Amino acid sequence: MLFDTHAHLDDRAFDADREELLRNLPEKGIALLMNPGCSLASSRAADRLSRENEWIYAAVGSHPDAAGEVNQEVLEEYRRLCRANPKIKAIGEIGLDYHYEDIPRDIQLAAFRAQMALAEELDLPVIVHEREAHGDGMAVVREFPKVTGVFHCYSGSADMALELVKRGWYIGFTGVLTFKNARRAVETAQALPLERIVLETDCPYMAPVPFRGKRNDPGYLYRMAERLAEIRGLPVEDVEAATLENGKRLYRI
């Protein structure tokens, strides 16, 4: 059985068949699933999903694309949601994304720091989205040594990942691990201790080979497990068992 440690089942891409998908996923080997929020609205949706489905957990937070919404009122609502629902296990998806820079960097950094402080206050792990912002991302991590969690859809170097692991963090791998041009991801997956690796779909995005270009869903997570097993030279059953336990340890389930 597998733990999809990052899936956006509240996304509109699932509006037409969400209930059917949810019913069928246990049959596809998904034991547990983490659905993080990306905004206040999606965090509320993640909260509802976790209440309605025994094996789904939630996180609340504002993605860098929604950093402009982060203020004291939004932070207070995240605080309230966390205290009201024991199945909210993390603050996320938060972080930095400098690829398009639609949101100015100073606003992203302020939102990231504010949500890291909230995680520290509530003693929760965080789910970090970091894209083309490695230096600033690590600088914020170092500002909050008591806060750990996962760098999801990891895109940094193996050296940076090893520093994160030494600080108590986990590294999340998506379908990118199956792409032909995923040299950096493969190098990182080879370098890390297995007990610090978690698997995720990031659905509906990042579908693995041979489903690339289609809508991703948690039923494809087995492909990441197969690829990681190939990279590590391990039986796929060992990878499934290890990453399931890693996800449970990350989110204190």
# chains A, B, ... in the order shown; residues from 1 in each chain; ligands from 1
$ residues_around --residues "stretch 235-246 of chain A" --least-positions-apart "5" --cutoff "8 Å" --atoms "only C-alpha atoms" --output "tab-separated table (two decimals) with N, CA and C atoms, in the first residue's frame"
chain	number	residue	atom	x	y	z
A	1	MET	N	0.84	-1.20	0.00
A	1	MET	CA	0.00	0.00	0.00
A	1	MET	C	0.88	1.25	0.00
A	2	LEU	N	0.34	2.34	-0.53
A	2	LEU	CA	1.10	3.57	-0.72
A	2	LEU	C	0.45	4.74	-0.01
A	3	PHE	N	1.26	5.75	0.28
A	3	PHE	CA	0.80	7.01	0.85
A	3	PHE	C	1.10	8.10	-0.18
A	194	LEU	N	16.89	6.30	2.42
A	194	LEU	CA	15.52	5.94	2.03
A	194	LEU	C	14.50	6.40	3.05
A	195	GLU	N	14.89	6.45	4.32
A	195	GLU	CA	13.91	6.82	5.36
A	195	GLU	C	13.53	8.29	5.34
A	196	ARG	N	14.11	9.07	4.42
A	196	ARG	CA	13.75	10.49	4.32
A	196	ARG	C	13.07	10.81	2.98
A	197	ILE	N	12.64	9.80	2.26
A	197	ILE	CA	12.00	9.99	0.96
A	197	ILE	C	10.51	9.69	1.08
A	198	VAL	N	9.68	10.58	0.53
A	198	VAL	CA	8.25	10.31	0.40
A	198	VAL	C	7.85	10.47	-1.06
A	199	LEU	N	6.75	9.80	-1.42
A	199	LEU	CA	6.26	9.81	-2.79
A	199	LEU	C	4.96	10.58	-2.86
A	225	ALA	N	6.81	4.63	-7.23
A	225	ALA	CA	7.39	3.58	-6.40
A	225	ALA	C	8.24	2.64	-7.25
A	226	GLU	N	7.75	2.28	-8.42
A	226	GLU	CA	8.51	1.40	-9.32
A	226	GLU	C	9.83	2.05	-9.73
A	228	LEU	N	11.51	4.51	-8.19
A	228	LEU	CA	12.41	4.64	-7.06
A	228	LEU	C	13.05	3.29	-6.73
A	229	ALA	N	12.28	2.23	-6.82
A	229	ALA	CA	12.83	0.90	-6.58
A	229	ALA	C	13.92	0.58	-7.59
A	230	GLU	N	13.69	0.93	-8.85
A	230	GLU	CA	14.70	0.71	-9.89
A	230	GLU	C	15.97	1.50	-9.60
$ select_by_dssp --residues "stretch 4-238 of chain A" --states "helix (DSSP H, G or I)" --output "PyMOL selection string"
chain A and resi 12-14+18-28+40-52+64-69+72-84+105-122+134-143+158-166+175-178+183-191+194-196+218-232+236-238
$ residues_around --residues "A:His129" --least-positions-apart "2" --cutoff "9 Å" --atoms "only C-alpha atoms" --output "PyMOL selection string"
chain A and resi 63-64+92-97+127+131+150-154
$ residues_around --residues "stretch 165-181 of chain A" --least-positions-apart "2" --cutoff "9 Å" --atoms "only C-alpha atoms" --output "mmCIF file with C-alpha atoms, in the first residue's frame"
data_model
loop_
_atom_site.group_PDB
_atom_site.id
_atom_site.type_symbol
_atom_site.label_atom_id
_atom_site.label_comp_id
_atom_site.auth_asym_id
_atom_site.auth_seq_id
_atom_site.Cartn_x
_atom_site.Cartn_y
_atom_site.Cartn_z
ATOM 1 C CA THR A 5 1.784 12.563 0.444
ATOM 2 C CA HIS A 6 0.696 15.427 -1.839
ATOM 3 C CA PRO A 145 15.398 25.666 12.976
ATOM 4 C CA VAL A 147 10.323 23.833 11.911
ATOM 5 C CA THR A 148 10.705 20.818 9.631
ATOM 6 C CA GLY A 149 8.543 19.110 7.053
ATOM 7 C CA VAL A 150 8.899 18.220 3.388
ATOM 8 C CA PHE A 151 10.226 19.965 0.302
ATOM 9 C CA HIS A 152 7.651 18.616 -2.134
ATOM 10 C CA CYS A 153 8.259 18.055 -5.862
ATOM 11 C CA TYR A 154 11.923 18.544 -5.064
ATOM 12 C CA SER A 155 13.956 20.361 -7.735
ATOM 13 C CA MET A 160 20.867 20.848 -0.725
ATOM 14 C CA ALA A 161 18.637 17.821 -0.099
ATOM 15 C CA LEU A 162 21.274 16.268 2.144
ATOM 16 C CA GLU A 163 21.454 19.495 4.172
ATOM 17 C CA ARG A 183 18.927 13.588 -14.084
ATOM 18 C CA ARG A 184 18.990 15.838 -11.012
ATOM 19 C CA ALA A 185 15.981 14.132 -9.414
ATOM 20 C CA VAL A 186 17.526 10.708 -9.985
ATOM 21 C CA ALA A 189 16.981 9.960 -5.039
ATOM 22 C CA LEU A 192 19.336 10.307 0.145
ATOM 23 C CA PRO A 193 18.673 7.850 2.950
ATOM 24 C CA GLU A 195 13.914 6.816 5.361
ATOM 25 C CA ARG A 196 13.748 10.486 4.316
ATOM 26 C CA ILE A 197 12.000 9.988 0.959
ATOM 27 C CA VAL A 198 8.247 10.313 0.403
ATOM 28 C CA LEU A 199 6.262 9.810 -2.791
ATOM 29 C CA GLU A 200 3.564 12.077 -4.168
ATOM 30 C CA THR A 201 1.529 12.651 -7.288
ATOM 31 C CA ASP A 202 0.931 16.412 -6.980
ATOM 32 C CA TYR A 205 -0.309 17.843 -12.330
ATOM 33 C CA MET A 206 2.962 16.004 -13.073
ATOM 34 C CA ALA A 207 1.590 12.703 -14.398
ATOM 35 C CA PRO A 208 4.342 10.067 -14.629
ATOM 36 C CA VAL A 209 5.472 8.221 -17.728
ATOM 37 C CA PRO A 210 3.620 6.580 -19.524
ATOM 38 C CA ARG A 212 2.494 12.129 -19.134
ATOM 39 C CA TYR A 220 -0.616 6.501 -10.750
ATOM 40 C CA LEU A 221 1.548 6.682 -7.629
ATOM 41 C CA ARG A 223 4.847 4.368 -11.074
ATOM 42 C CA MET A 224 6.915 6.550 -8.717
ATOM 43 C CA ARG A 227 10.984 4.016 -10.524
ATOM 44 C CA LEU A 228 12.414 4.643 -7.057
ATOM 45 C CA ASN A 246 7.997 7.746 6.078
ATOM 46 C CA GLY A 247 4.811 9.629 5.214
ATOM 47 C CA LEU A 250 6.363 13.017 8.538
#
$ atom_distance --atom1 "atom CA of A:Asn35" --atom2 "atom CA of A:Ala114"
21.0 Å
$ residues_around --residues "A:Ala66" --least-positions-apart "2" --cutoff "9 Å" --atoms "only C-alpha atoms" --output "NGL selection string"
:A and (38-40 or 62-64 or 68-70 or 103 or 108 or 111)
$ write_last_selection --atoms "N, CA and C atoms" --output "compact mmCIF listing (two decimals), in the first residue's frame"
# COMPACT_ATOMS: atom_id res chain seq x y z
N CYS A 38 -3.83 25.37 -1.07
CA CYS A 38 -2.97 26.31 -1.80
C CYS A 38 -3.42 27.75 -1.59
N SER A 39 -4.55 27.91 -0.93
CA SER A 39 -5.15 29.22 -0.67
C SER A 39 -6.12 29.03 0.47
N LEU A 40 -6.70 30.11 0.95
CA LEU A 40 -7.70 29.96 2.00
C LEU A 40 -8.87 29.12 1.52
N SER A 62 -1.16 28.95 2.22
CA SER A 62 -1.23 29.71 0.97
C SER A 62 0.06 29.53 0.18
N HIS A 63 -0.08 28.95 -1.00
CA HIS A 63 0.98 28.75 -1.99
C HIS A 63 1.59 30.11 -2.35
N PRO A 64 2.83 30.15 -2.82
CA PRO A 64 3.39 31.44 -3.23
C PRO A 64 2.54 32.20 -4.24
N GLY A 68 -0.27 36.91 -1.74
CA GLY A 68 -0.87 38.21 -1.51
C GLY A 68 -2.07 38.19 -0.59
N GLU A 69 -2.67 37.01 -0.38
CA GLU A 69 -3.84 36.94 0.50
C GLU A 69 -3.46 36.80 1.97
N VAL A 70 -2.19 36.51 2.24
CA VAL A 70 -1.79 36.20 3.61
C VAL A 70 -1.76 37.46 4.46
N ILE A 103 3.93 37.15 -8.42
CA ILE A 103 3.85 37.75 -7.09
C ILE A 103 5.25 38.23 -6.71
N GLN A 108 6.11 37.18 -1.38
CA GLN A 108 6.26 35.74 -1.18
C GLN A 108 7.04 35.44 0.08
N ALA A 111 4.99 36.11 3.25
CA ALA A 111 3.97 35.09 3.47
C ALA A 111 4.61 33.78 3.93
$ select_by_dssp --residues "stretch 50-219 of chain A" --states "strand (DSSP E)" --output "PyMOL selection string"
chain A and resi 56-60+88-97+126-131+149-151+170-173+197-199
$ closest_residue --among "A:Val74, A:Leu81, A:Ala110, A:Leu22" --to "A:Ile56" --atoms "only C-alpha atoms"
A:Leu22
$ atom_distance --atom1 "atom CA of A:Asn216" --atom2 "atom CA of A:Ala119"
29.0 Å
$ atom_distance --atom1 "atom CA of A:Val141" --atom2 "atom CA of A:His8"
24.3 Å
$ closest_residue --among "A:Tyr98, A:Leu122, A:Tyr78, A:Ile88" --to "A:Gly135" --atoms "only C-alpha atoms"
A:Tyr98
$ closest_residue --among "A:Val60, A:Ala16, A:Ile91, A:Ala139" --to "A:Ala41" --atoms "only C-alpha atoms"
A:Val60
$ closest_residue --among "A:Glu143, A:Asp11, A:Glu101, A:Asp159" --to "A:Arg215" --atoms "only C-alpha atoms"
A:Asp11
$ closest_residue --among "A:Thr188, A:Ser42, A:Gln72, A:Gln115" --to "A:Leu164" --atoms "only C-alpha atoms"
A:Thr188
$ decode --residues "stretch 69-125 of chain A" --atoms "C-alpha atoms" --output "PDB file, in the first residue's frame"
ATOM      1  CA  GLU A  69      -3.837  36.940   0.498  1.00  0.00           C
ATOM      2  CA  VAL A  70      -1.791  36.196   3.609  1.00  0.00           C
ATOM      3  CA  ASN A  71      -2.647  38.594   6.423  1.00  0.00           C
ATOM      4  CA  GLN A  72      -3.550  38.275  10.097  1.00  0.00           C
ATOM      5  CA  GLU A  73      -7.158  37.324   9.342  1.00  0.00           C
ATOM      6  CA  VAL A  74      -6.101  34.491   7.013  1.00  0.00           C
ATOM      7  CA  LEU A  75      -3.494  33.261   9.488  1.00  0.00           C
ATOM      8  CA  GLU A  76      -6.119  33.274  12.229  1.00  0.00           C
ATOM      9  CA  GLU A  77      -8.440  31.186  10.065  1.00  0.00           C
ATOM     10  CA  TYR A  78      -5.634  28.664   9.461  1.00  0.00           C
ATOM     11  CA  ARG A  79      -5.012  28.604  13.207  1.00  0.00           C
ATOM     12  CA  ARG A  80      -8.715  27.973  13.860  1.00  0.00           C
ATOM     13  CA  LEU A  81      -8.929  25.191  11.263  1.00  0.00           C
ATOM     14  CA  CYS A  82      -5.895  23.427  12.724  1.00  0.00           C
ATOM     15  CA  ARG A  83      -7.305  23.534  16.225  1.00  0.00           C
ATOM     16  CA  ALA A  84     -10.771  22.395  15.125  1.00  0.00           C
ATOM     17  CA  ASN A  85      -9.730  19.406  13.000  1.00  0.00           C
ATOM     18  CA  PRO A  86      -7.132  16.903  14.287  1.00  0.00           C
ATOM     19  CA  LYS A  87      -6.779  15.545  10.740  1.00  0.00           C
ATOM     20  CA  ILE A  88      -5.061  18.770   9.633  1.00  0.00           C
ATOM     21  CA  LYS A  89      -1.483  17.621   9.988  1.00  0.00           C
ATOM     22  CA  ALA A  90       0.632  20.392   8.417  1.00  0.00           C
ATOM     23  CA  ILE A  91       0.875  23.979   7.229  1.00  0.00           C
ATOM     24  CA  GLY A  92       1.114  23.978   3.483  1.00  0.00           C
ATOM     25  CA  GLU A  93       1.493  24.309   0.638  1.00  0.00           C
ATOM     26  CA  ILE A  94       3.716  27.321   1.352  1.00  0.00           C
ATOM     27  CA  GLY A  95       7.033  28.569   0.013  1.00  0.00           C
ATOM     28  CA  LEU A  96       8.597  30.456  -2.878  1.00  0.00           C
ATOM     29  CA  ASP A  97       8.231  30.339  -6.659  1.00  0.00           C
ATOM     30  CA  TYR A  98      10.489  32.626  -8.696  1.00  0.00           C
ATOM     31  CA  HIS A  99       9.767  31.026 -12.091  1.00  0.00           C
ATOM     32  CA  TYR A 100       7.176  33.542 -13.283  1.00  0.00           C
ATOM     33  CA  GLU A 101       7.370  36.065 -10.432  1.00  0.00           C
ATOM     34  CA  ASP A 102       3.725  37.061 -10.824  1.00  0.00           C
ATOM     35  CA  ILE A 103       3.852  37.750  -7.088  1.00  0.00           C
ATOM     36  CA  PRO A 104       6.771  40.005  -6.025  1.00  0.00           C
ATOM     37  CA  ARG A 105       9.500  38.237  -4.097  1.00  0.00           C
ATOM     38  CA  ASP A 106       9.129  40.388  -0.998  1.00  0.00           C
ATOM     39  CA  ILE A 107       5.440  39.439  -0.709  1.00  0.00           C
ATOM     40  CA  GLN A 108       6.257  35.742  -1.185  1.00  0.00           C
ATOM     41  CA  LEU A 109       8.979  35.896   1.450  1.00  0.00           C
ATOM     42  CA  ALA A 110       6.734  37.670   3.955  1.00  0.00           C
ATOM     43  CA  ALA A 111       3.969  35.086   3.471  1.00  0.00           C
ATOM     44  CA  PHE A 112       6.447  32.204   3.727  1.00  0.00           C
ATOM     45  CA  ARG A 113       7.934  33.526   6.966  1.00  0.00           C
ATOM     46  CA  ALA A 114       4.513  34.231   8.486  1.00  0.00           C
ATOM     47  CA  GLN A 115       3.331  30.685   7.784  1.00  0.00           C
ATOM     48  CA  MET A 116       6.592  29.143   9.031  1.00  0.00           C
ATOM     49  CA  ALA A 117       6.036  31.087  12.258  1.00  0.00           C
ATOM     50  CA  LEU A 118       2.487  29.715  12.459  1.00  0.00           C
ATOM     51  CA  ALA A 119       3.811  26.162  12.024  1.00  0.00           C
ATOM     52  CA  GLU A 120       6.319  26.782  14.803  1.00  0.00           C
ATOM     53  CA  GLU A 121       3.572  28.123  17.077  1.00  0.00           C
ATOM     54  CA  LEU A 122       1.304  25.113  16.414  1.00  0.00           C
ATOM     55  CA  ASP A 123       4.149  22.560  16.400  1.00  0.00           C
ATOM     56  CA  LEU A 124       3.221  21.313  12.923  1.00  0.00           C
ATOM     57  CA  PRO A 125       5.378  20.282   9.968  1.00  0.00           C
TER      58      PRO A 125
END
